[in-house]
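Here's start09.txt, which has compact mmCIF, C-alpha atoms:
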# COMPACT_ATOMS: atom_id res chain seq x y z
CA MET A 14 85.54 -43.55 180.65
CA THR A 15 83.19 -45.56 178.48
CA LYS A 16 80.55 -42.84 178.81
CA LEU A 17 82.98 -40.33 177.27
CA LYS A 18 83.84 -42.78 174.50
CA ARG A 19 80.19 -43.40 173.76
CA LEU A 20 79.51 -39.66 173.70
CA PHE A 21 82.35 -39.07 171.25
CA THR A 22 81.12 -41.85 169.00
CA ILE A 23 77.57 -40.47 169.06
CA ILE A 24 78.85 -36.99 168.18
CA LEU A 25 80.80 -38.38 165.22
CA ARG A 26 77.81 -40.36 164.00
CA LEU A 27 75.53 -37.31 164.30
CA LEU A 28 78.06 -35.31 162.25
CA ALA A 29 78.09 -37.99 159.57
CA LEU A 30 74.28 -38.17 159.61
CA GLY A 31 74.05 -34.41 159.17
CA ALA A 32 76.58 -34.38 156.35
CA THR A 33 74.93 -37.21 154.39
CA THR A 34 71.38 -35.90 154.85
CA SER A 35 72.31 -32.36 153.79
CA ALA A 36 74.20 -33.71 150.79
CA ILE A 37 71.09 -35.61 149.72
CA ILE A 38 68.74 -32.68 150.19
CA ILE A 39 70.92 -30.17 148.37
CA MET A 40 71.58 -32.55 145.47
CA VAL A 41 67.93 -33.49 145.04
CA THR A 42 66.75 -29.88 145.01
CA SER A 43 69.31 -28.72 142.48
CA HIS A 44 67.96 -27.84 139.09
CA ASP A 45 68.42 -25.05 136.63
CA SER A 46 67.14 -24.16 133.21
CA THR A 47 68.66 -22.23 130.36
CA GLU A 48 67.34 -20.90 127.09
CA VAL A 49 69.24 -21.66 123.92
CA LEU A 50 67.76 -20.54 120.60
CA ASN A 51 64.29 -20.16 122.08
CA LEU A 52 64.36 -23.70 123.49
CA LYS A 53 64.33 -24.26 127.20
CA PHE A 54 66.71 -26.86 128.60
CA THR A 55 66.33 -28.03 132.18
CA VAL A 56 69.13 -29.69 134.08
CA LYS A 57 68.32 -31.87 137.07
CA TYR A 58 70.47 -34.13 139.18
CA SER A 59 68.72 -37.20 137.76
CA ASN A 60 70.06 -36.47 134.28
CA SER A 61 73.31 -38.12 135.29
CA PRO A 62 73.36 -41.72 136.57
CA THR A 63 76.42 -40.84 138.64
CA PHE A 64 74.57 -38.28 140.72
CA LYS A 65 71.69 -40.73 141.17
CA TYR A 66 74.22 -43.29 142.47
CA PHE A 67 75.66 -40.62 144.79
CA VAL A 68 72.21 -39.88 146.24
CA ILE A 69 71.46 -43.58 146.71
CA VAL A 70 74.79 -44.20 148.47
CA GLU A 71 74.31 -41.24 150.80
CA ALA A 72 70.77 -42.42 151.55
CA ILE A 73 72.01 -45.90 152.48
CA ALA A 74 74.73 -44.40 154.68
CA SER A 75 72.41 -42.00 156.50
CA GLY A 76 69.78 -44.72 157.06
CA TYR A 77 72.47 -47.02 158.45
CA THR A 78 73.82 -44.26 160.73
CA LEU A 79 70.34 -43.54 162.05
CA MET A 80 69.81 -47.22 162.85
CA VAL A 81 73.18 -47.66 164.53
CA LEU A 82 72.68 -44.62 166.78
CA PHE A 83 70.23 -46.67 168.78
CA ILE A 84 72.37 -49.75 169.35
CA SER A 85 74.03 -49.86 172.76
CA PRO A 86 77.74 -50.77 172.87
CA LYS A 87 77.16 -53.87 174.96
CA SER A 88 74.76 -55.56 172.58
CA VAL A 89 75.73 -58.64 170.64
CA PHE A 90 75.87 -56.70 167.35
CA SER A 91 78.97 -54.62 168.21
CA PRO A 92 81.49 -56.49 165.98
CA LEU A 93 78.94 -56.42 163.13
CA VAL A 94 78.63 -52.65 163.58
CA VAL A 95 82.41 -52.25 163.30
CA VAL A 96 82.51 -54.27 160.07
CA LEU A 97 79.51 -52.42 158.61
CA ASP A 98 81.18 -49.10 159.49
CA ILE A 99 84.12 -50.04 157.31
CA VAL A 100 81.81 -51.11 154.49
CA THR A 101 79.93 -47.80 154.77
CA THR A 102 83.19 -45.85 154.52
CA LEU A 103 83.98 -47.81 151.38
CA LEU A 104 80.55 -47.09 149.91
CA LEU A 105 80.69 -43.37 150.70
CA THR A 106 84.17 -43.06 149.21
CA SER A 107 83.08 -44.76 146.02
CA GLY A 108 80.02 -42.50 145.68
CA ILE A 109 81.89 -39.25 146.16
CA SER A 110 84.75 -40.36 143.92
CA ALA A 111 82.42 -41.13 141.02
CA ALA A 112 80.42 -37.93 141.49
CA LEU A 113 83.57 -35.79 141.64
CA ALA A 114 84.87 -37.35 138.40
CA ILE A 115 81.69 -36.51 136.50
CA ALA A 116 81.42 -33.04 138.08
CA GLU A 117 84.98 -32.32 136.95
CA VAL A 118 83.99 -33.14 133.37
CA GLY A 119 80.99 -30.85 133.74
CA LYS A 120 83.14 -28.02 135.00
CA LYS A 121 86.20 -28.29 132.80
CA GLY A 122 84.98 -30.37 129.88
CA ASN A 123 87.14 -32.85 128.05
CA SER A 124 88.64 -31.53 124.86
CA HIS A 125 89.84 -34.95 123.72
CA ALA A 126 86.35 -36.40 123.70
CA GLY A 127 84.58 -33.28 122.49
CA TRP A 128 82.66 -32.81 125.73
CA PHE A 129 82.03 -29.19 126.53
CA PRO A 130 81.70 -27.82 130.07
CA ILE A 131 78.14 -27.00 131.04
CA CYS A 132 78.81 -25.01 134.19
CA ASP A 133 78.81 -21.62 132.52
CA GLN A 134 75.37 -22.28 131.06
CA VAL A 135 73.71 -23.53 134.25
CA PRO A 136 75.62 -21.84 137.11
CA LYS A 137 72.95 -22.32 139.76
CA PHE A 138 72.91 -26.10 139.23
CA CYS A 139 76.71 -26.25 139.33
CA ASP A 140 76.94 -24.28 142.58
CA ARG A 141 74.40 -26.44 144.38
CA VAL A 142 76.06 -29.64 143.15
CA SER A 143 79.45 -28.32 144.36
CA VAL A 144 78.06 -27.66 147.85
CA SER A 145 76.49 -31.12 147.92
CA LEU A 146 79.76 -32.72 146.88
CA ILE A 147 81.72 -30.85 149.55
CA LEU A 148 79.32 -32.18 152.19
CA GLY A 149 79.54 -35.62 150.64
CA PHE A 150 83.33 -35.37 150.89
CA ALA A 151 83.19 -34.62 154.61
CA ALA A 152 81.01 -37.69 155.29
CA PRO A 153 83.56 -40.43 154.49
CA ILE A 154 86.26 -38.49 156.35
CA VAL A 155 84.08 -38.43 159.47
CA TYR A 156 83.34 -42.12 159.00
CA PHE A 157 87.03 -42.88 158.63
CA VAL A 158 87.78 -41.09 161.92
CA LEU A 159 84.94 -43.11 163.44
CA ASN A 160 86.51 -46.34 162.15
CA LEU A 161 89.89 -45.43 163.60
CA TYR A 162 88.25 -44.57 166.89
CA SER A 163 86.30 -47.85 166.99
CA LEU A 164 89.40 -49.91 166.32
CA HIS A 165 91.55 -47.77 168.62
CA PRO A 166 91.71 -50.23 171.56
CA VAL A 167 92.89 -52.89 169.16
CA PHE A 168 95.71 -50.69 167.83
CA ASN A 169 97.57 -50.75 171.09
CA PRO A 170 97.65 -54.30 172.42
CA LEU A 171 100.02 -53.23 175.20
CA PHE A 172 97.08 -51.72 177.03
CA ALA A 173 94.42 -54.34 177.51
CA VAL A 174 90.95 -52.88 177.78
CA LYS A 175 88.43 -54.61 180.00
CA PRO A 176 85.11 -55.34 178.25
CA MET B 18 94.18 -63.69 185.39
CA ALA B 19 93.92 -59.92 185.17
CA PRO B 20 96.28 -58.40 182.59
CA GLN B 21 98.93 -56.01 183.86
CA ASN B 22 99.64 -52.70 182.21
CA GLY B 23 102.84 -52.70 180.19
CA GLU B 24 103.04 -56.49 179.90
CA LYS B 25 104.23 -57.26 176.41
CA PRO B 26 102.41 -59.97 174.49
CA SER B 27 104.81 -62.61 173.27
CA SER B 28 105.41 -61.92 169.60
CA ALA B 29 105.32 -65.42 168.19
CA PRO B 30 105.87 -65.77 164.45
CA ALA B 31 102.69 -66.28 162.43
CA PRO B 32 102.01 -70.01 162.32
CA CYS B 33 101.64 -71.89 159.04
CA THR B 34 97.96 -72.59 159.58
CA LYS B 35 95.27 -73.12 157.00
CA ILE B 36 93.92 -69.60 157.26
CA ASN B 37 97.35 -68.12 156.61
CA ARG B 38 97.69 -70.23 153.48
CA VAL B 39 94.23 -69.12 152.30
CA LEU B 40 95.20 -65.50 153.05
CA LEU B 41 98.40 -65.84 151.03
CA LEU B 42 96.51 -67.31 148.11
CA LEU B 43 93.92 -64.53 148.23
CA ARG B 44 96.68 -61.92 148.34
CA LEU B 45 98.35 -63.47 145.29
CA LEU B 46 95.07 -63.40 143.37
CA ALA B 47 94.33 -59.83 144.42
CA PHE B 48 97.83 -58.72 143.45
CA SER B 49 97.50 -60.28 140.00
CA ALA B 50 94.05 -58.69 139.52
CA THR B 51 95.08 -55.16 140.50
CA ALA B 52 98.40 -55.37 138.64
CA ALA B 53 96.61 -56.56 135.50
CA ALA B 54 94.13 -53.70 135.78
CA THR B 55 96.94 -51.15 136.14
CA ILE B 56 98.92 -52.46 133.20
CA VAL B 57 95.95 -52.87 130.85
CA MET B 58 94.64 -49.38 131.55
CA ALA B 59 98.07 -47.74 131.40
CA LEU B 60 98.79 -49.24 127.98
CA ASN B 61 95.33 -48.35 126.69
CA LYS B 62 95.76 -46.37 123.51
CA GLN B 63 94.04 -46.32 120.17
CA THR B 64 94.78 -44.21 117.16
CA LYS B 65 92.24 -43.82 114.40
CA THR B 66 92.11 -41.83 111.23
CA PHE B 67 88.85 -40.18 110.36
CA VAL B 68 87.74 -38.61 107.15
CA VAL B 69 86.73 -35.12 108.15
CA ALA B 70 85.77 -33.53 104.86
CA THR B 71 85.88 -34.29 101.18
CA ILE B 72 87.02 -31.63 98.76
CA GLY B 73 86.53 -32.76 95.20
CA THR B 74 88.14 -36.16 95.06
CA THR B 75 90.68 -35.79 97.88
CA SER B 76 89.50 -36.40 101.42
CA ILE B 77 90.95 -34.63 104.42
CA LYS B 78 91.88 -37.04 107.14
CA ALA B 79 92.37 -36.30 110.81
CA THR B 80 94.17 -38.63 113.15
CA LEU B 81 92.77 -38.81 116.65
CA THR B 82 94.30 -40.67 119.54
CA ALA B 83 92.46 -41.90 122.58
CA LYS B 84 94.80 -42.37 125.54
CA PHE B 85 94.06 -43.29 129.09
CA ASN B 86 95.32 -39.98 130.49
CA ASP B 87 92.76 -37.96 128.56
CA THR B 88 90.50 -38.34 131.57
CA PRO B 89 91.72 -37.58 135.11
CA ALA B 90 89.46 -40.37 136.39
CA ASN B 91 91.44 -42.96 134.42
CA VAL B 92 94.71 -41.51 135.70
CA PHE B 93 93.39 -41.84 139.25
CA PHE B 94 92.31 -45.41 138.42
CA VAL B 95 95.84 -46.31 137.30
CA VAL B 96 97.44 -44.65 140.35
CA ALA B 97 95.01 -46.23 142.83
CA ASN B 98 95.38 -49.72 141.36
CA GLY B 99 99.15 -49.29 141.21
CA LEU B 100 99.26 -48.42 144.91
CA GLY B 101 96.88 -51.27 145.70
CA SER B 102 98.99 -53.82 143.84
CA LEU B 103 102.14 -52.43 145.53
CA HIS B 104 100.47 -52.94 148.91
CA ASN B 105 99.47 -56.51 147.97
CA LEU B 106 103.01 -57.27 146.82
CA LEU B 107 104.42 -55.87 150.05
CA MET B 108 102.06 -58.01 152.12
CA ILE B 109 102.96 -61.14 150.12
CA LEU B 110 106.69 -60.52 150.63
CA LEU B 111 106.09 -59.84 154.32
CA ASP B 112 104.21 -63.11 154.62
CA ILE B 113 106.84 -65.19 152.84
CA PHE B 114 110.08 -63.63 154.07
CA GLY B 115 109.21 -61.59 157.14
CA ARG B 116 107.40 -64.06 159.36
CA LYS B 117 109.28 -62.94 162.45
CA LEU B 118 109.06 -59.18 161.85
CA ASP B 119 107.15 -57.55 164.65
CA TYR B 120 107.40 -54.27 166.54
CA LYS B 121 105.89 -54.58 170.01
CA GLY B 122 102.89 -56.43 168.64
CA PHE B 123 102.03 -53.80 166.04
CA ARG B 124 102.19 -56.25 163.15
CA LEU B 125 98.56 -57.37 163.08
CA PRO B 126 96.97 -53.92 163.64
CA GLY B 127 99.38 -52.38 161.13
CA ILE B 128 98.39 -54.90 158.46
CA ALA B 129 94.69 -54.32 159.21
CA ILE B 130 95.01 -50.52 158.95
CA LEU B 131 96.91 -50.72 155.68
CA ASP B 132 94.39 -53.19 154.28
CA VAL B 133 91.46 -50.89 155.09
CA LEU B 134 93.25 -47.88 153.59
CA ASN B 135 94.05 -49.67 150.37
CA VAL B 136 90.59 -51.15 149.99
CA VAL B 137 89.09 -47.66 150.25
CA LEU B 138 91.63 -46.27 147.76
CA VAL B 139 91.06 -48.96 145.15
CA SER B 140 87.29 -48.64 145.60
CA ALA B 141 87.42 -44.90 144.93
CA GLY B 142 89.60 -45.38 141.84
CA VAL B 143 87.50 -48.10 140.27
CA ASN B 144 84.23 -46.27 140.86
CA ALA B 145 85.38 -43.03 139.30
CA ALA B 146 86.66 -44.90 136.23
CA ALA B 147 83.47 -46.98 136.03
CA PHE B 148 81.21 -43.95 135.82
CA MET B 149 83.53 -42.26 133.34
CA ALA B 150 83.35 -45.42 131.22
CA ASP B 151 79.56 -45.33 131.44
CA LEU B 152 79.64 -41.75 130.21
CA ALA B 153 81.88 -42.73 127.32
CA LYS B 154 79.64 -45.64 126.39
CA HIS B 155 76.25 -43.99 126.59
CA GLY B 156 77.00 -40.32 126.41
CA ASN B 157 74.73 -37.85 128.14
CA SER B 158 72.06 -36.37 125.96
CA HIS B 159 71.09 -33.72 128.50
CA ALA B 160 74.57 -32.24 128.56
CA ARG B 161 75.19 -32.84 124.86
CA TRP B 162 78.14 -35.14 125.47
CA ASP B 163 78.54 -37.68 122.68
CA LYS B 164 79.48 -41.26 123.31
CA ILE B 165 82.89 -42.20 122.01
CA CYS B 166 82.77 -46.00 122.26
CA ASP B 167 81.27 -46.48 118.82
CA ARG B 168 84.33 -44.88 117.27
CA PHE B 169 87.06 -46.15 119.58
CA GLY B 170 85.88 -49.70 120.17
CA LYS B 171 89.21 -51.29 121.13
CA PHE B 172 89.95 -48.51 123.62
CA CYS B 173 86.61 -49.07 125.32
CA ASP B 174 87.00 -52.85 125.34
CA HIS B 175 90.42 -52.72 126.99
CA GLY B 176 89.18 -50.18 129.50
CA GLY B 177 86.22 -52.40 130.32
CA GLY B 178 88.51 -55.37 130.84
CA ALA B 179 90.69 -53.34 133.20
CA LEU B 180 87.58 -52.31 135.15
CA ILE B 181 86.36 -55.90 135.52
CA SER B 182 89.78 -57.02 136.71
CA SER B 183 89.91 -54.18 139.21
CA PHE B 184 86.45 -54.99 140.57
CA ILE B 185 87.51 -58.61 141.11
CA GLY B 186 90.66 -57.35 142.83
CA LEU B 187 88.56 -55.04 145.01
CA PHE B 188 86.28 -57.88 146.09
CA LEU B 189 89.28 -60.05 146.97
CA MET B 190 90.91 -57.19 148.89
CA LEU B 191 87.69 -56.70 150.84
CA LEU B 192 87.76 -60.39 151.82
CA ILE B 193 91.41 -60.06 152.84
CA CYS B 194 90.59 -56.95 154.91
CA ALA B 195 87.78 -58.80 156.70
CA ILE B 196 90.09 -61.76 157.47
CA SER B 197 92.81 -59.41 158.77
CA ILE B 198 90.37 -57.74 161.14
CA ILE B 199 89.04 -61.11 162.33
CA LYS B 200 92.64 -62.15 163.02
CA LEU B 201 92.98 -59.00 165.15
CA LEU B 202 89.93 -59.88 167.18
CA LYS B 203 90.92 -63.52 167.70
CA PRO B 204 94.69 -63.58 168.09
CA ASN B 205 96.42 -66.93 168.39
CA ALA B 206 96.65 -68.74 171.71
CA THR B 207 99.96 -67.22 172.87
CA THR B 208 98.51 -63.72 172.95
CA SER B 209 95.08 -64.58 174.24
CA HIS B 210 95.24 -62.32 177.31
CA ILE B 211 94.29 -59.26 175.25
CA ASN B 212 90.71 -58.19 175.81
CA ILE B 213 89.00 -55.95 173.35
CA SER B 214 85.92 -53.81 173.76
CA PHE B 215 84.18 -51.54 171.29
CA PRO B 216 82.81 -48.12 172.12
Can you dump the structure from the file as structure tokens?
Amino acid sequence: MTKLKRLFTIILRLLALGATTSAIIIMVTSHDSTEVLNLKFTVKYSNSPTFKYFVIVEAIASGYTLMVLFISPKSVFSPLVVVLDIVTTLLLTSGISAALAIAEVGKKGNSHAGWFPICDQVPKFCDRVSVSLILGFAAPIVYFVLNLYSLHPVFNPLFAVKP
Amino acid sequence: MAPQNGEKPSSAPAPCTKINRVLLLLRLLAFSATAAATIVMALNKQTKTFVVATIGTTSIKATLTAKFNDTPANVFFVVANGLGSLHNLLMILLDIFGRKLDYKGFRLPGIAILDVLNVVLVSAGVNAAAFMADLAKHGNSHARWDKICDRFGKFCDHGGGALISSFIGLFLMLLICAISIIKLLKPNATTSHINISFP
């Protein structure tokens, strides 16, 4: 039974790894330029500190997932892995929440502050960032399912699980 | 002694040990931090009159108001911190008045799950509001978004205070979450026949 559990955990971690890595790659390669009054303006992901934070958080999460894939369940680090999984979920949620807030301003603008939406001027950039954010939204969900699955034996103390 | 399937652990009331007192104190501090953040951000409003144009000797004034619900991120911040402080309040009341409440041993895992959920929620709220505040303070020259903190100073100061309070509350809630999970892994002596393994 533990083999099946381990397989399921590995599948979830591979899903999370794929989601975070693709989010990073798509965000980093997103750029677009537009011409306004004979001047060329380029938009890159690094123009916004929020998207830089998003990339850093996803990089930390994917590096951590890669490292944890190689730890066997019987090693002494298992409780530490459970705690770090929860911290990684927290980190991923914070990254995607911040990036979504700024992307919403970019798409809809904010009339009260006089901030105009930029998505109609640089549509290619906006599309790529949207795809990256969707992938970055799936990553904390997968991690949350992983957390629930890791803590599952503890949820039901009626059934004692042998170590 | 091998544990039997279906044997109920004895649901003893939570003892008045040192760690429970520390947990109660931490919950009180976290509740006050998140509640303060909610209230300060929800009452954040500043009205200012600007001179827009001058025609001859009379000047045309425009009154602009900065409220917290101009930005969806701040609304989410208020909602998330409100839910977080509600959760903290519930846990405090449960600790003081509901020591014997237990449903087939689900009390400790239930508290741990709710703690994790609320930590994640508050973290998301505070981060979205933090980056929105950074945008308001520094603007973004690439997207031609002006900063607004030089004109609405009091609004920005109050918002910054709410953010600091919420970050402190988040840190305390993370500590509380860690302690709740450690309590799950090391239950007290009456329920020590539960064995736990991780996948």
Around (76.6, -41.0, 136.5), as given in the file, which residues come within 8 Å? Count all atoms listed in the file and list them as an NGL selection string.
(:A and (61-66 or 111-112 or 115)) or (:B and (148-149 or 151-152))
Just give me the residues with any atom within 10 Å of (90.6, -55.3, 128.9), file coordinates, counting all atoms listed in the file, written as a ChimeraX atom specification.
/B:53-54,56-58,61,171-182
Just checking: using all atoms listed in the file, which residue out of A:Leu103, A:Leu82, A:Val118, A:Ala151 ends up closest to chain B?
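The shortest atom-to-atom distance to chain B comes from A:Leu103.
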Identify, on the basis of all atoms listed in the file, every residue whose closest approach to B:Asn91 does not exceed 9 Å; exclude the query and any residue fewer than 5 positions from it along the same chain; express the result as a short mmCIF file (atom, residue, chain, number, x, y, z; two decimals) with C-alpha atoms, in the coordinates of the input.
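New file result-v1.cif:
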data_model
loop_
_atom_site.label_atom_id
_atom_site.label_comp_id
_atom_site.auth_asym_id
_atom_site.auth_seq_id
_atom_site.Cartn_x
_atom_site.Cartn_y
_atom_site.Cartn_z
CA MET B 58 94.64 -49.38 131.55
CA ALA B 59 98.07 -47.74 131.40
CA PHE B 85 94.06 -43.29 129.09
CA ASN B 86 95.32 -39.98 130.49
CA VAL B 96 97.44 -44.65 140.35
CA GLY B 142 89.60 -45.38 141.84
CA VAL B 143 87.50 -48.10 140.27
CA ALA B 145 85.38 -43.03 139.30
CA ALA B 146 86.66 -44.90 136.23
CA MET B 149 83.53 -42.26 133.34
#
Quick one, how far is atom CA of A:Trp128 from atom CA of A:Leu105?
27.2 Å
Check the smallest atom-to-atom distance from each of A:Leu50, A:Cys139, A:Val81, A:Leu20 to chain B using all atoms listed in the file, then report the winner.
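That would be A:Leu20, the residue with the smallest distance to chain B.
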Gap from atom CA of A:Val142 to atom CA of A:Glu48 - Å, one decimal:
20.3 Å
Output, as AutoDock Vina command-line options, the centre and edge lengths in Å (one decimal) of the axis-aligned box that contains all listed atoms of stretch 107-124 of chain A with 4 Å of margin on each side.
--center_x 84.3 --center_y -36.4 --center_z 135.5 --size_x 16.6 --size_y 24.7 --size_z 29.3
Shortest interatomic distance to B:Leu192 - which of A:Asp133, A:Val100, A:Val95, A:Met80, counting all atoms listed in the file:
A:Val100
Near A:Val70, counting only C-alpha atoms, which residues have an atom at most 9 Å away, once you skip same-chain residues fewer than 3 positions from it, shown as a VMD selection string?
chain A and resid 65 to 67 73 to 75 101 104 to 105 107 to 109
Excluding A:Leu27 and any residue of its chain fewer than 2 positions from it, enumerate the residues within 12 Å of it, using all atoms listed in the file, and give them as a ChimeraX atom specification.
/A:20-25,29-34,74-83,152,155-156,159
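Between atom CA of B:Lys84 and atom CA of A:Glu117 the separation is 18.1 Å.
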Which one is closest to A:Ser59: A:Ser143, A:Met40, A:Pro153, A:Leu97? Count all atoms listed in the file.
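Distance minimum relative to A:Ser59 lands on A:Met40.
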Neighbour list for B:Ala129 as a PyMOL selection string, cut-off 9 Å, all atoms listed in the file, skip fewer than 3 positions in-chain:
chain B and resi 124-126+132-134+194-198+200-201
